[in-house]
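K.L.:
My questions will all concern the structure given below.
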Amino acid sequence: MNIDPVCGMEITNKENAETFEYNGKTYYFCSSHCLNQFLSVLITLTSEINKSENDYYLRLMK
Ligand SMILES: [Zn+2]
């Protein structure tokens, strides 16, 4: 089962899903909007600007 880590939607149709590989894991997104949101968070994660949001997304990504 693949869950969109941004909106929590279950991805049932992988052919139409947006995907992104990070740390050897493939993440699925319902739309490019969610993918872009995820990417902007990743940038935040790597620059370590917003700690509380980092913790939230790091939990989701385990
Ligand atoms: Zn989504």
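Scheme for the structure tokens: letters A, B, ... for chains in order shown; per-chain residue numbers from 1; ligand numbers from 1 in order shown.
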Could you report the residues within 6 Å of ligand 1, using only C-alpha atoms and all ligand atoms, as number ranges by chain?

P.N.:
A: 4, 6-7, 9, 29-31, 34

K.L.:
Write out as a PDB file with C-alpha atoms, in the first residue's frame the residues lying within 8 Å of Ile3 in chain A, counting only C-alpha atoms and excluding same-chain residues fewer than 4 positions away.

P.N.:
ATOM      1  CA  GLY A   8      -2.496  10.993   3.217  1.00  0.00           C
ATOM      2  CA  MET A   9      -4.377   9.663   0.204  1.00  0.00           C
ATOM      3  CA  GLU A  10      -3.873   6.036  -0.724  1.00  0.00           C
ATOM      4  CA  ILE A  11      -2.342   5.682  -4.200  1.00  0.00           C
ATOM      5  CA  TYR A  27       7.204   7.943  -2.735  1.00  0.00           C
ATOM      6  CA  TYR A  28       3.904   8.224  -4.564  1.00  0.00           C
ATOM      7  CA  PHE A  29       1.817  11.366  -4.857  1.00  0.00           C
TER       8      PHE A  29
END

K.L.:
Would you please give, as a VMD selection string, all residues of chain A that DSSP assigns to strand (DSSP E) based on the backbone?

P.N.:
chain A and resid 2 to 3 10 to 11 18 to 22 25 to 29

K.L.:
Go ahead and compute the interatomic distance for CA of Ala17 in chain A and CA of Leu39 in chain A, in Å to one decimal.

P.N.:
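Atom-to-atom, CA of Ala17 in chain A to CA of Leu39 in chain A, that is 15.3 Å.
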
K.L.:
Please return, as an MDAnalysis selection string, all residues of range 1-61 of chain A that DSSP assigns to helix (DSSP H, G or I) on the basis of the backbone.

P.N.:
chainID A and resid 14:16 32:47 51:60

K.L.:
May I ask for the distance between CA of Tyr56 in chain A and CA of Ile43 in chain A, given in Å to one decimal place?

P.N.:
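Spanning CA of Tyr56 in chain A to CA of Ile43 in chain A is a straight-line distance of 14.4 Å.
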